[in-house]
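Source file my_file-v9.pdb; content: PDB, C-alpha atoms.
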ATOM      1  CA  MET A   1     -30.892  17.717 -60.117  1.00  0.00           C
ATOM      2  CA  THR A   2     -31.024  15.703 -56.864  1.00  0.00           C
ATOM      3  CA  THR A   3     -32.659  16.920 -53.718  1.00  0.00           C
ATOM      4  CA  GLN A   4     -31.085  16.200 -50.401  1.00  0.00           C
ATOM      5  CA  GLN A   5     -33.575  15.038 -47.795  1.00  0.00           C
ATOM      6  CA  GLU A   6     -33.485  17.037 -44.572  1.00  0.00           C
ATOM      7  CA  SER A   7     -32.895  15.193 -41.322  1.00  0.00           C
ATOM      8  CA  PRO A   8     -35.286  15.758 -38.422  1.00  0.00           C
ATOM      9  CA  VAL A   9     -33.934  17.839 -35.540  1.00  0.00           C
ATOM     10  CA  SER A  10     -35.166  18.355 -32.009  1.00  0.00           C
ATOM     11  CA  ALA A  11     -36.441  21.872 -31.377  1.00  0.00           C
ATOM     12  CA  VAL A  12     -37.914  23.957 -28.596  1.00  0.00           C
ATOM     13  CA  ILE A  13     -40.660  26.226 -29.876  1.00  0.00           C
ATOM     14  CA  SER A  14     -41.237  29.113 -27.456  1.00  0.00           C
ATOM     15  CA  ILE A  15     -44.464  31.026 -27.890  1.00  0.00           C
ATOM     16  CA  GLN A  16     -45.515  34.213 -26.086  1.00  0.00           C
ATOM     17  CA  VAL A  17     -49.327  34.343 -25.884  1.00  0.00           C
ATOM     18  CA  GLU A  18     -52.106  36.294 -24.245  1.00  0.00           C
ATOM     19  CA  ASN A  19     -52.848  34.677 -20.879  1.00  0.00           C
ATOM     20  CA  GLU A  20     -56.479  33.896 -21.633  1.00  0.00           C
ATOM     21  CA  SER A  21     -58.773  30.914 -21.666  1.00  0.00           C
ATOM     22  CA  GLY A  22     -58.371  28.841 -24.829  1.00  0.00           C
ATOM     23  CA  ALA A  23     -54.949  30.166 -25.921  1.00  0.00           C
ATOM     24  CA  LEU A  24     -53.160  26.912 -25.092  1.00  0.00           C
ATOM     25  CA  ALA A  25     -55.956  24.864 -26.683  1.00  0.00           C
ATOM     26  CA  ARG A  26     -55.554  26.747 -29.986  1.00  0.00           C
ATOM     27  CA  VAL A  27     -51.801  26.130 -30.084  1.00  0.00           C
ATOM     28  CA  ILE A  28     -52.155  22.460 -29.148  1.00  0.00           C
ATOM     29  CA  GLY A  29     -55.016  22.085 -31.620  1.00  0.00           C
ATOM     30  CA  LEU A  30     -52.732  23.261 -34.402  1.00  0.00           C
ATOM     31  CA  PHE A  31     -50.187  20.577 -33.484  1.00  0.00           C
ATOM     32  CA  SER A  32     -52.686  17.747 -33.178  1.00  0.00           C
ATOM     33  CA  GLY A  33     -54.670  18.786 -36.249  1.00  0.00           C
ATOM     34  CA  ARG A  34     -51.585  18.577 -38.438  1.00  0.00           C
ATOM     35  CA  GLY A  35     -50.131  15.453 -36.844  1.00  0.00           C
ATOM     36  CA  TYR A  36     -47.129  17.126 -35.195  1.00  0.00           C
ATOM     37  CA  ASN A  37     -45.912  15.265 -32.112  1.00  0.00           C
ATOM     38  CA  ILE A  38     -45.383  17.117 -28.827  1.00  0.00           C
ATOM     39  CA  GLU A  39     -42.571  15.543 -26.808  1.00  0.00           C
ATOM     40  CA  SER A  40     -42.682  18.058 -23.966  1.00  0.00           C
ATOM     41  CA  LEU A  41     -44.994  20.940 -23.057  1.00  0.00           C
ATOM     42  CA  THR A  42     -44.686  23.633 -20.412  1.00  0.00           C
ATOM     43  CA  VAL A  43     -46.750  26.765 -19.935  1.00  0.00           C
ATOM     44  CA  ALA A  44     -46.744  29.467 -17.288  1.00  0.00           C
ATOM     45  CA  ALA A  45     -47.624  33.113 -16.828  1.00  0.00           C
ATOM     46  CA  VAL A  46     -44.508  35.244 -17.391  1.00  0.00           C
ATOM     47  CA  ASP A  47     -45.847  38.826 -17.395  1.00  0.00           C
ATOM     48  CA  GLU A  48     -48.782  39.533 -15.103  1.00  0.00           C
ATOM     49  CA  THR A  49     -48.930  43.222 -16.096  1.00  0.00           C
ATOM     50  CA  ARG A  50     -49.416  42.475 -19.799  1.00  0.00           C
ATOM     51  CA  HIS A  51     -51.319  39.214 -19.112  1.00  0.00           C
ATOM     52  CA  GLN A  52     -48.901  37.070 -21.104  1.00  0.00           C
ATOM     53  CA  SER A  53     -47.833  33.442 -20.800  1.00  0.00           C
ATOM     54  CA  ARG A  54     -45.002  31.487 -22.363  1.00  0.00           C
ATOM     55  CA  ILE A  55     -45.504  28.074 -23.926  1.00  0.00           C
ATOM     56  CA  ASN A  56     -42.466  25.848 -24.542  1.00  0.00           C
ATOM     57  CA  ILE A  57     -43.063  22.892 -26.860  1.00  0.00           C
ATOM     58  CA  VAL A  58     -40.410  20.312 -27.705  1.00  0.00           C
ATOM     59  CA  THR A  59     -40.895  18.523 -31.010  1.00  0.00           C
ATOM     60  CA  THR A  60     -38.801  16.779 -33.640  1.00  0.00           C
ATOM     61  CA  ALA A  61     -39.176  17.731 -37.301  1.00  0.00           C
ATOM     62  CA  THR A  62     -37.211  18.701 -40.378  1.00  0.00           C
ATOM     63  CA  PRO A  63     -36.118  22.340 -40.614  1.00  0.00           C
ATOM     64  CA  HIS A  64     -38.699  22.831 -43.384  1.00  0.00           C
ATOM     65  CA  VAL A  65     -41.536  21.519 -41.192  1.00  0.00           C
ATOM     66  CA  LEU A  66     -40.298  23.617 -38.248  1.00  0.00           C
ATOM     67  CA  GLY A  67     -40.581  26.671 -40.505  1.00  0.00           C
ATOM     68  CA  GLN A  68     -44.145  25.659 -41.376  1.00  0.00           C
ATOM     69  CA  ILE A  69     -45.014  25.180 -37.704  1.00  0.00           C
ATOM     70  CA  ARG A  70     -43.606  28.618 -36.878  1.00  0.00           C
ATOM     71  CA  ALA A  71     -45.582  30.296 -39.683  1.00  0.00           C
ATOM     72  CA  GLN A  72     -48.813  28.553 -38.649  1.00  0.00           C
ATOM     73  CA  VAL A  73     -48.369  29.379 -34.941  1.00  0.00           C
ATOM     74  CA  GLU A  74     -47.597  33.033 -35.738  1.00  0.00           C
ATOM     75  CA  ARG A  75     -50.992  33.333 -37.443  1.00  0.00           C
ATOM     76  CA  LEU A  76     -52.880  32.201 -34.348  1.00  0.00           C
ATOM     77  CA  VAL A  77     -54.589  34.709 -32.107  1.00  0.00           C
ATOM     78  CA  PRO A  78     -53.464  35.623 -29.420  1.00  0.00           C
ATOM     79  CA  VAL A  79     -49.809  34.777 -30.265  1.00  0.00           C
ATOM     80  CA  TYR A  80     -47.361  37.681 -29.866  1.00  0.00           C
ATOM     81  CA  ARG A  81     -43.973  36.109 -30.619  1.00  0.00           C
ATOM     82  CA  VAL A  82     -42.536  32.735 -31.672  1.00  0.00           C
ATOM     83  CA  ALA A  83     -38.957  31.433 -31.486  1.00  0.00           C
ATOM     84  CA  VAL A  84     -37.724  28.088 -32.759  1.00  0.00           C
ATOM     85  CA  MET A  85     -34.554  26.952 -30.994  1.00  0.00           C
ATOM     86  CA  THR A  86     -32.542  23.999 -32.306  1.00  0.00           C
ATOM     87  CA  GLY A  87     -28.911  23.014 -31.791  1.00  0.00           C
ATOM     88  CA  ARG A  88     -28.000  25.784 -34.256  1.00  0.00           C
ATOM     89  CA  GLU A  89     -29.372  28.596 -32.085  1.00  0.00           C
ATOM     90  CA  PRO A  90     -27.537  29.154 -28.794  1.00  0.00           C
ATOM     91  CA  HIS A  91     -30.003  28.583 -25.976  1.00  0.00           C
ATOM     92  CA  VAL A  92     -30.329  27.191 -22.471  1.00  0.00           C
ATOM     93  CA  ALA A  93     -32.832  24.371 -21.937  1.00  0.00           C
ATOM     94  CA  ARG A  94     -33.500  22.832 -18.523  1.00  0.00           C
ATOM     95  CA  GLU A  95     -35.968  20.476 -16.943  1.00  0.00           C
ATOM     96  CA  MET A  96     -36.761  19.596 -13.338  1.00  0.00           C
ATOM     97  CA  ALA A  97     -37.718  16.173 -12.004  1.00  0.00           C
ATOM     98  CA  LEU A  98     -38.898  14.781  -8.699  1.00  0.00           C
ATOM     99  CA  VAL A  99     -37.688  11.203  -8.329  1.00  0.00           C
ATOM    100  CA  LYS A 100     -38.951   8.869  -5.591  1.00  0.00           C
ATOM    101  CA  VAL A 101     -36.721   5.978  -4.568  1.00  0.00           C
ATOM    102  CA  ILE A 102     -37.807   3.341  -2.072  1.00  0.00           C
ATOM    103  CA  ALA A 103     -34.747   1.564  -0.700  1.00  0.00           C
ATOM    104  CA  SER A 104     -33.032   0.351   2.430  1.00  0.00           C
ATOM    105  CA  GLY A 105     -29.540  -0.694   3.450  1.00  0.00           C
ATOM    106  CA  GLU A 106     -26.803  -0.516   0.835  1.00  0.00           C
ATOM    107  CA  ARG A 107     -29.221   0.454  -1.967  1.00  0.00           C
ATOM    108  CA  ARG A 108     -30.286   3.489   0.106  1.00  0.00           C
ATOM    109  CA  ALA A 109     -26.649   4.539   0.587  1.00  0.00           C
ATOM    110  CA  ASP A 110     -25.961   4.019  -3.140  1.00  0.00           C
ATOM    111  CA  ALA A 111     -28.952   6.189  -4.042  1.00  0.00           C
ATOM    112  CA  LEU A 112     -27.621   9.003  -1.834  1.00  0.00           C
ATOM    113  CA  ARG A 113     -24.119   8.754  -3.348  1.00  0.00           C
ATOM    114  CA  ILE A 114     -25.465   8.894  -6.885  1.00  0.00           C
ATOM    115  CA  ALA A 115     -27.734  11.816  -5.964  1.00  0.00           C
ATOM    116  CA  GLN A 116     -24.713  13.739  -4.664  1.00  0.00           C
ATOM    117  CA  ALA A 117     -22.794  13.073  -7.887  1.00  0.00           C
ATOM    118  CA  PHE A 118     -25.734  14.434  -9.916  1.00  0.00           C
ATOM    119  CA  ARG A 119     -26.313  17.358  -7.508  1.00  0.00           C
ATOM    120  CA  ALA A 120     -29.812  16.077  -6.808  1.00  0.00           C
ATOM    121  CA  HIS A 121     -31.310  17.391  -3.589  1.00  0.00           C
ATOM    122  CA  PRO A 122     -33.344  15.231  -1.228  1.00  0.00           C
ATOM    123  CA  VAL A 123     -36.551  17.226  -0.651  1.00  0.00           C
ATOM    124  CA  ASP A 124     -38.320  14.490   1.320  1.00  0.00           C
ATOM    125  CA  ALA A 125     -36.971  11.555   3.288  1.00  0.00           C
ATOM    126  CA  SER A 126     -38.411   8.809   5.415  1.00  0.00           C
ATOM    127  CA  ALA A 127     -36.965   5.629   6.891  1.00  0.00           C
ATOM    128  CA  THR A 128     -37.748   3.808   3.633  1.00  0.00           C
ATOM    129  CA  SER A 129     -37.769   6.417   0.864  1.00  0.00           C
ATOM    130  CA  PHE A 130     -36.330   9.575  -0.649  1.00  0.00           C
ATOM    131  CA  VAL A 131     -37.702  12.150  -3.048  1.00  0.00           C
ATOM    132  CA  PHE A 132     -34.893  13.805  -4.983  1.00  0.00           C
ATOM    133  CA  GLU A 133     -35.173  17.092  -6.886  1.00  0.00           C
ATOM    134  CA  LEU A 134     -32.946  17.283  -9.938  1.00  0.00           C
ATOM    135  CA  THR A 135     -32.575  20.087 -12.487  1.00  0.00           C
ATOM    136  CA  GLY A 136     -30.623  20.010 -15.725  1.00  0.00           C
ATOM    137  CA  ALA A 137     -30.604  18.933 -19.326  1.00  0.00           C
ATOM    138  CA  SER A 138     -33.001  16.123 -20.194  1.00  0.00           C
ATOM    139  CA  ASP A 139     -30.189  13.632 -20.829  1.00  0.00           C
ATOM    140  CA  LYS A 140     -28.846  14.275 -17.311  1.00  0.00           C
ATOM    141  CA  LEU A 141     -32.279  13.528 -15.841  1.00  0.00           C
ATOM    142  CA  ASP A 142     -32.591  10.407 -18.003  1.00  0.00           C
ATOM    143  CA  ALA A 143     -29.193   9.138 -16.803  1.00  0.00           C
ATOM    144  CA  PHE A 144     -30.080   9.739 -13.134  1.00  0.00           C
ATOM    145  CA  ILE A 145     -33.414   7.966 -13.501  1.00  0.00           C
ATOM    146  CA  ASP A 146     -31.742   5.003 -15.235  1.00  0.00           C
ATOM    147  CA  LEU A 147     -29.258   4.684 -12.362  1.00  0.00           C
ATOM    148  CA  MET A 148     -32.067   4.786  -9.792  1.00  0.00           C
ATOM    149  CA  ARG A 149     -34.050   1.935 -11.434  1.00  0.00           C
ATOM    150  CA  PRO A 150     -32.090  -0.947  -9.870  1.00  0.00           C
ATOM    151  CA  LEU A 151     -31.953   0.884  -6.532  1.00  0.00           C
ATOM    152  CA  GLY A 152     -35.722   1.124  -6.037  1.00  0.00           C
ATOM    153  CA  LEU A 153     -37.082   3.785  -8.393  1.00  0.00           C
ATOM    154  CA  ALA A 154     -40.768   4.078  -7.532  1.00  0.00           C
ATOM    155  CA  GLU A 155     -42.069   7.215  -9.236  1.00  0.00           C
ATOM    156  CA  VAL A 156     -40.989  10.113 -11.458  1.00  0.00           C
ATOM    157  CA  SER A 157     -42.617  13.491 -12.111  1.00  0.00           C
ATOM    158  CA  ARG A 158     -41.007  15.762 -14.735  1.00  0.00           C
ATOM    159  CA  THR A 159     -41.784  19.380 -15.547  1.00  0.00           C
ATOM    160  CA  GLY A 160     -40.917  19.373 -19.232  1.00  0.00           C
ATOM    161  CA  ILE A 161     -38.367  21.675 -20.791  1.00  0.00           C
ATOM    162  CA  ALA A 162     -38.098  25.398 -20.188  1.00  0.00           C
ATOM    163  CA  ALA A 163     -35.812  27.181 -22.652  1.00  0.00           C
ATOM    164  CA  ILE A 164     -34.504  30.657 -23.345  1.00  0.00           C
ATOM    165  CA  ALA A 165     -32.084  32.103 -25.908  1.00  0.00           C
ATOM    166  CA  ARG A 166     -28.538  32.856 -24.810  1.00  0.00           C
ATOM    167  CA  GLY A 167     -27.104  36.355 -24.898  1.00  0.00           C
ATOM    168  CA  ALA A 168     -29.112  39.460 -25.736  1.00  0.00           C
ATOM    169  CA  ALA A 169     -31.620  37.677 -28.021  1.00  0.00           C
ATOM    170  CA  ILE A 170     -35.179  37.725 -26.657  1.00  0.00           C
ATOM    171  CA  LEU A 171     -38.448  36.116 -27.615  1.00  0.00           C
TER
END
Hey, can you dump this file as structure tokens for me?
Amino acid sequence: MTTQQESPVSAVISIQVENESGALARVIGLFSGRGYNIESLTVAAVDETRHQSRINIVTTATPHVLGQIRAQVERLVPVYRVAVMTGREPHVAREMALVKVIASGERRADALRIAQAFRAHPVDASATSFVFELTGASDKLDAFIDLMRPLGLAEVSRTGIAAIARGAAIL
């Protein structure tokens, strides 16, 4: 009997937790203690009435390891719910970036044209710089940033991925 080795997949792990001191540290401690890499991390309060926050973690692992991560996270206190979203589960994942470009002349005009094509919004402008706000899939943000490099890319700040299941499925 031969065993087929599983290929790693990118996944968003969404975790609903009690909004209390130390909750994020326990989740992150589980990842670091077991050597799981975190590629992106976002956390925010999502239900003030019930004092709950949502943590979105992007990681890459085999489906077997993702199952282990889910089981380990579910045992943590104060975790309420856990969802693992990969390319197999229909979901929406978006990220926001602020991108500063310092340019003049033709490079400035090129930066504005590219920003329009990507639906990036200038949220700050001076005689020598722009700050663009861009929201979308991570590969869209990566492509925009790559195009801005030769035009005077100066700084980038990214939020990390926020994700939610499509349709009626909830966390």
Atom CA of A:Ala109 and atom CA of A:Asp142, how far apart in Å? 20.4 Å
From the list A:Arg108, A:His121, A:Arg70, A:Arg149, which residue is nearest A:Val12 when using only C-alpha atoms? A:Arg70
With a cut-off of 10 Å, could you pull out the residues of stretch 78-146 of chain A touching stretch 15-21 of chain A and give me the nearest pair of atoms for each, distance in Å to one decimal, using all atoms listed in the file, ordered by chain and ascending number, as JSON lines?
{"residue": "A:Pro78", "atom": "CA", "partner": "A:Glu18", "partner_atom": "CA", "distance": 5.4}
{"residue": "A:Val79", "atom": "CA", "partner": "A:Val17", "partner_atom": "CA", "distance": 4.4}
{"residue": "A:Tyr80", "atom": "CA", "partner": "A:Gln16", "partner_atom": "CA", "distance": 5.5}
{"residue": "A:Arg81", "atom": "CA", "partner": "A:Gln16", "partner_atom": "CA", "distance": 5.1}
{"residue": "A:Val82", "atom": "CA", "partner": "A:Ile15", "partner_atom": "CA", "distance": 4.6}
{"residue": "A:Ala83", "atom": "CA", "partner": "A:Ile15", "partner_atom": "CA", "distance": 6.6}
{"residue": "A:Val84", "atom": "CA", "partner": "A:Ile15", "partner_atom": "CA", "distance": 8.8}
Residues in the PyMOL selection byres ((chain A and resi 35) around 12), expressed as a PyMOL selection string: chain A and resi 28-34+36-38+59-61+65+69
Counting only C-alpha atoms, I want the residues whose atoms come within 12 Å of (-27.2, 26.4, -31.8) in the file frame, returned as a ChimeraX atom specification. /A:9-12,84-93,164-166
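Residues captured in this structure file are Ala93, Arg94, Glu95, Gly136, Ser138, Asp139, Lys140 and Leu141 of chain A, according to the PyMOL selection byres ((chain A and resi 137) around 7).
Of the residues under consideration (A:Ile13, A:Leu41, A:Met96, A:Ala111), A:Ala111 shows the shortest atom-to-atom contact distance to A:Asp146 when counting all atoms listed in the file.
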Expansion of the PyMOL selection byres ((chain A and resi 123) around 12) into residues, as a list in words: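 Written out, the selection comes to Ala97, Leu98, Val99, Lys100, Val101, Ala115, Ala120, His121, Pro122, Asp124, Ala125, Ser126, Ser129, Phe130, Val131, Phe132, Glu133 and Leu134 of chain A.
Atom pair atom CA of A:Gln5 / atom CA of A:Pro63 has a distance of 10.6 Å (rounded to one decimal).
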So for stretch 116-134 of chain A, what box centre and size do we get, axis-aligned, 4 Å extra on each of the six sides, every listed atom, Å to one decimal, as AutoDock Vina command-line options?
--center_x -30.6 --center_y 10.6 --center_z -1.5 --size_x 23.6 --size_y 21.6 --size_z 24.8
d(atom CA of A:Val43, atom CA of A:Gln68) in Å: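 Rounded to one decimal, the two atoms are 21.6 Å apart.
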Have a look at A:Ala25, A:Ala71, A:Ala45, A:Ile102 and name the one nearest to A:Pro150; count all atoms listed in the file. A:Ile102
Between A:Leu171, A:Val77, A:Ile145, A:Leu151, which is the closest to A:Ser104 once you count only C-alpha atoms?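 Going through A:Leu171, A:Val77, A:Ile145, A:Leu151 one by one, the smallest distance to A:Ser104 is for A:Leu151.
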Which residues, protein or nucleic acid, reach to within 8 Å of (-44.2, 29.0, -18.9) in the file's coordinates when using all atoms listed in the file, and can you give that as a list in words?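 Residues found, by chain and rising number: Thr42, Val43, Ala44, Ala45, Val46, Ser53, Arg54, Ile55, Asn56 and Ala162 of chain A.
Considering the residues A:Ile161, A:His51, A:Gly22, A:Val27 and counting all atoms listed in the file, A:Glu39 has its shortest atom-to-atom contact with A:Ile161.
Between A:Val73 and the residues A:Ile57, A:Thr49, A:Leu147, A:Ile114, the shortest atom-to-atom distance, using all atoms listed in the file, involves A:Ile57.
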Complete the atoms of stretch 71-82 of chain A to all heavy atoms and put them out as a short mmCIF file (atom, residue, chain, number, x, y, z; two decimals), in the coordinates of the input.
data_model
loop_
_atom_site.label_atom_id
_atom_site.label_comp_id
_atom_site.auth_asym_id
_atom_site.auth_seq_id
_atom_site.Cartn_x
_atom_site.Cartn_y
_atom_site.Cartn_z
N ALA A 71 -44.68 29.43 -38.91
CA ALA A 71 -45.58 30.30 -39.68
C ALA A 71 -47.04 30.09 -39.27
O ALA A 71 -47.81 31.05 -39.15
CB ALA A 71 -45.41 30.03 -41.17
N GLN A 72 -47.43 28.84 -39.04
CA GLN A 72 -48.81 28.55 -38.65
C GLN A 72 -49.11 29.07 -37.25
O GLN A 72 -50.19 29.63 -37.00
CB GLN A 72 -49.07 27.05 -38.75
CG GLN A 72 -49.06 26.54 -40.18
CD GLN A 72 -48.93 25.03 -40.27
OE1 GLN A 72 -48.81 24.32 -39.29
NE2 GLN A 72 -48.95 24.53 -41.51
N VAL A 73 -48.17 28.90 -36.31
CA VAL A 73 -48.37 29.38 -34.94
C VAL A 73 -48.44 30.90 -34.92
O VAL A 73 -49.27 31.49 -34.21
CB VAL A 73 -47.26 28.85 -34.00
CG1 VAL A 73 -47.31 29.54 -32.64
CG2 VAL A 73 -47.38 27.34 -33.81
N GLU A 74 -47.60 31.56 -35.71
CA GLU A 74 -47.60 33.03 -35.74
C GLU A 74 -48.94 33.60 -36.19
O GLU A 74 -49.28 34.74 -35.84
CB GLU A 74 -46.47 33.54 -36.65
CG GLU A 74 -45.11 33.40 -36.03
CD GLU A 74 -43.98 33.80 -36.97
OE1 GLU A 74 -44.13 33.69 -38.21
OE2 GLU A 74 -42.92 34.21 -36.44
N ARG A 75 -49.69 32.85 -36.96
CA ARG A 75 -50.99 33.33 -37.44
C ARG A 75 -52.11 33.16 -36.41
O ARG A 75 -53.20 33.70 -36.60
CB ARG A 75 -51.38 32.59 -38.72
CG ARG A 75 -50.59 33.06 -39.93
CD ARG A 75 -51.17 32.51 -41.20
NE ARG A 75 -50.99 31.07 -41.29
CZ ARG A 75 -50.13 30.47 -42.09
NH1 ARG A 75 -49.38 31.18 -42.89
NH2 ARG A 75 -50.01 29.16 -42.10
N LEU A 76 -51.85 32.42 -35.36
CA LEU A 76 -52.88 32.20 -34.35
C LEU A 76 -53.08 33.45 -33.50
O LEU A 76 -52.15 34.20 -33.23
CB LEU A 76 -52.50 31.04 -33.42
CG LEU A 76 -52.47 29.65 -34.01
CD1 LEU A 76 -51.96 28.65 -32.97
CD2 LEU A 76 -53.86 29.23 -34.50
N VAL A 77 -54.28 33.65 -33.06
CA VAL A 77 -54.59 34.71 -32.11
C VAL A 77 -54.79 34.00 -30.78
O VAL A 77 -55.48 32.99 -30.72
CB VAL A 77 -55.87 35.46 -32.53
CG1 VAL A 77 -56.28 36.47 -31.48
CG2 VAL A 77 -55.69 36.12 -33.88
N PRO A 78 -54.19 34.41 -29.76
CA PRO A 78 -53.46 35.62 -29.42
C PRO A 78 -51.95 35.40 -29.27
O PRO A 78 -51.39 35.64 -28.22
CB PRO A 78 -54.08 35.99 -28.10
CG PRO A 78 -54.28 34.64 -27.44
CD PRO A 78 -54.57 33.68 -28.54
N VAL A 79 -51.25 34.98 -30.31
CA VAL A 79 -49.81 34.78 -30.26
C VAL A 79 -49.10 36.10 -30.55
O VAL A 79 -49.42 36.78 -31.52
CB VAL A 79 -49.38 33.70 -31.29
CG1 VAL A 79 -47.87 33.65 -31.44
CG2 VAL A 79 -49.92 32.34 -30.87
N TYR A 80 -48.13 36.45 -29.69
CA TYR A 80 -47.36 37.68 -29.87
C TYR A 80 -46.02 37.42 -30.56
O TYR A 80 -45.63 38.15 -31.45
CB TYR A 80 -47.09 38.36 -28.52
CG TYR A 80 -48.35 38.86 -27.87
CD1 TYR A 80 -48.83 38.28 -26.69
CD2 TYR A 80 -49.07 39.91 -28.41
CE1 TYR A 80 -49.99 38.73 -26.10
CE2 TYR A 80 -50.24 40.37 -27.82
CZ TYR A 80 -50.69 39.77 -26.66
OH TYR A 80 -51.84 40.22 -26.08
N ARG A 81 -45.30 36.40 -30.08
CA ARG A 81 -43.97 36.11 -30.62
C ARG A 81 -43.74 34.60 -30.62
O ARG A 81 -44.26 33.88 -29.77
CB ARG A 81 -42.89 36.79 -29.78
CG ARG A 81 -42.88 38.31 -29.95
CD ARG A 81 -41.79 38.96 -29.10
NE ARG A 81 -42.01 38.86 -27.66
CZ ARG A 81 -42.86 39.61 -26.97
NH1 ARG A 81 -43.60 40.51 -27.58
NH2 ARG A 81 -42.98 39.48 -25.67
N VAL A 82 -42.89 34.15 -31.56
CA VAL A 82 -42.54 32.74 -31.67
C VAL A 82 -41.04 32.63 -31.94
O VAL A 82 -40.51 33.36 -32.78
CB VAL A 82 -43.31 32.04 -32.83
CG1 VAL A 82 -42.90 30.56 -32.93
CG2 VAL A 82 -44.81 32.17 -32.65
#
